[in-house]
Amino acid sequence: MSLITAKDVSLKYGTTPILEHVDFSIEPGEIVTVIGPNGSGKSTLLRALIGAKQPATGQITRKAGLRIGYVPQRLMVEGHMPLTVRRFLSLPVRHSDAEAREMLERVGVAGFGERQLADLSGGQFQRVLLARALLGNPEILMLDEPTQGLDQPGIASFYQLLEEVRQSMGCAVLLVSHDLHVVMSTSDRVICLNGHICCQGTPSVV
Ligand code: ATP
Ligand code: MG
């Protein structure tokens, strides 16, 4: 059974069409990457999939009770500063200290619980965001440009981590990414947007 299905979905802001005739579904455990130029509607599509934006027409169906771990492209945390990593992790849902500690270790920032969020490097921050999403034990992770601003080694190690996490936790991953060479090596499927789905399929086909 699919986790999420979009059926002939169109998305608009006001009267401006952003995406039309969007059809796809996401199956348990697969990695799907959405690519497309700036402004093509990638973030809007993710917002629609989590239910934060209603389609103008068409239907989005989610498996009943689907647990989604969503990390937006821009997270407004400035208002919460100063904030420790531990406190940040517990903002959406409370977890035991042991669970939080274990998760930070798992994503490669062991012992960071008492660090200030504002003091983290870009790559460390992305790992903390991933930890927070994973603490909800998601069936699908949705990450909107999680490696923006990272250098090449940072990008490579983030994707390696993502692959490890996916294998150990068995979740599906829906990514928005411009890291094309990584997309080609890690995704099961690529969806290319530009007003509509221009193409979708395995990386070699796309
Ligand atoms: P990027 O690669 O730059 O992140 P994107 O593919 O994620 O781009 P979106 O953020 O989904 O693009 O935006 C798609 C279009 O919708 C853009 O033209 C954007 O200006 C517009 N848009 C996004 N959010 C809103 C909003 N809340 N109100 C009106 N227009 C919006
Ligand atoms: Mg975007």
# chains A, B, ... in the order shown; residues from 1 in each chain; ligands from 1
call {"tool": "residues_around", "arguments": {"residues": "Leu66 of chain A", "least_positions_apart": "5", "cutoff": "9 Å", "atoms": "only C-alpha atoms", "output": "PDB file with C-alpha atoms, in the first residue's frame"}}
result
ATOM      1  CA  LEU A   3       2.242   5.910   1.792  1.00  0.00           C
ATOM      2  CA  ILE A   4       1.070   8.940  -0.160  1.00  0.00           C
ATOM      3  CA  PRO A 138       8.495   8.522  10.787  1.00  0.00           C
ATOM      4  CA  GLU A 139       7.334   6.174   8.067  1.00  0.00           C
ATOM      5  CA  ILE A 140       8.398   8.865   5.625  1.00  0.00           C
TER       6      ILE A 140
END
call {"tool": "residues_near_ligand", "arguments": {"ligand": "ligand 2", "cutoff": "7 Å", "atoms": "only C-alpha atoms and all ligand atoms", "output": "list of chain:residue names"}}
result
A:Asn38, A:Gly39, A:Gly41, A:Lys42, A:Ser43, A:Gln73, A:Asp144
call {"tool": "write_last_selection", "arguments": {"atoms": "N, CA and C atoms", "output": "short mmCIF file (atom, residue, chain, number, x, y, z; two decimals), in the first residue's frame"}}
result
data_model
loop_
_atom_site.label_atom_id
_atom_site.label_comp_id
_atom_site.auth_asym_id
_atom_site.auth_seq_id
_atom_site.Cartn_x
_atom_site.Cartn_y
_atom_site.Cartn_z
N ASN A 38 14.58 26.80 -9.47
CA ASN A 38 14.05 27.65 -8.39
C ASN A 38 12.66 28.13 -8.79
N GLY A 39 11.75 28.08 -7.83
CA GLY A 39 10.40 28.58 -8.08
C GLY A 39 9.50 27.61 -8.82
N GLY A 41 8.09 24.97 -7.64
CA GLY A 41 7.00 24.42 -6.83
C GLY A 41 7.38 23.22 -5.98
N LYS A 42 8.67 22.97 -5.81
CA LYS A 42 9.11 21.79 -5.05
C LYS A 42 8.67 21.89 -3.58
N SER A 43 8.96 23.05 -2.97
CA SER A 43 8.59 23.21 -1.56
C SER A 43 7.08 23.24 -1.40
N GLN A 73 12.47 23.85 4.17
CA GLN A 73 13.68 24.44 3.58
C GLN A 73 14.24 25.52 4.50
N ASP A 144 13.52 19.09 2.73
CA ASP A 144 13.53 20.09 1.66
C ASP A 144 14.90 20.77 1.61
#
call {"tool": "atom_distance", "arguments": {"atom1": "atom CA of Met169 of chain A", "atom2": "atom CA of Pro92 of chain A"}}
result
20.1 Å
call {"tool": "atom_distance", "arguments": {"atom1": "atom CA of Pro203 of chain A", "atom2": "atom CA of Ile35 of chain A"}}
result
11.1 Å
call {"tool": "closest_residue", "arguments": {"among": "A:Pro82, A:Leu46, A:His21, A:Leu11", "to": "Thr33 of chain A", "atoms": "only C-alpha atoms"}}
result
A:Leu46
call {"tool": "closest_residue", "arguments": {"among": "A:Ala156, A:Leu135, A:Ala100, A:Ala48", "to": "ligand 1", "atoms": "only C-alpha atoms and all ligand atoms"}}
result
A:Ala48
call {"tool": "residues_around", "arguments": {"residues": "Ser96 of chain A", "least_positions_apart": "4", "cutoff": "12 Å", "atoms": "only C-alpha atoms", "output": "number ranges by chain"}}
result
A: 86-87, 89-90, 100-103, 135
call {"tool": "write_last_selection", "arguments": {"atoms": "C-alpha atoms", "output": "PDB file, in the first residue's frame"}}
result
ATOM      1  CA  ARG A  86      18.268  19.194  23.756  1.00  0.00           C
ATOM      2  CA  ARG A  87      15.474  21.735  24.228  1.00  0.00           C
ATOM      3  CA  LEU A  89      14.654  18.373  20.049  1.00  0.00           C
ATOM      4  CA  SER A  90      11.878  18.283  22.621  1.00  0.00           C
ATOM      5  CA  ALA A 100      17.529  12.212  22.577  1.00  0.00           C
ATOM      6  CA  ARG A 101      21.134  11.333  23.447  1.00  0.00           C
ATOM      7  CA  GLU A 102      20.948   8.119  21.466  1.00  0.00           C
ATOM      8  CA  MET A 103      19.510   9.899  18.433  1.00  0.00           C
ATOM      9  CA  LEU A 135      12.514  11.076  17.007  1.00  0.00           C
TER      10      LEU A 135
END
call {"tool": "select_by_dssp", "arguments": {"residues": "segment 3-192 of chain A", "states": "strand (DSSP E or B)", "output": "number ranges by chain"}}
result
A: 4-13, 16-26, 31-35, 57-62, 68-71, 84, 116, 140-144, 172-176, 189-192
call {"tool": "residues_around", "arguments": {"residues": "Cys192 of chain A", "least_positions_apart": "5", "cutoff": "7 Å", "atoms": "only C-alpha atoms", "output": "list in words"}}
result
Val34, Ile35, Gly36, Ile197, Cys198, Cys199 and Gln200 of chain A
call {"tool": "write_last_selection", "arguments": {"atoms": "C-alpha atoms", "output": "CSV table (one decimal), in the first residue's frame"}}
result
chain,number,residue,atom,x,y,z
A,34,VAL,CA,12.3,16.0,-6.4
A,35,ILE,CA,14.3,18.3,-8.7
A,36,GLY,CA,13.5,21.4,-10.7
A,197,ILE,CA,6.0,16.7,-13.8
A,198,CYS,CA,8.2,16.9,-16.8
A,199,CYS,CA,9.5,13.4,-16.2
A,200,GLN,CA,9.8,10.8,-13.5
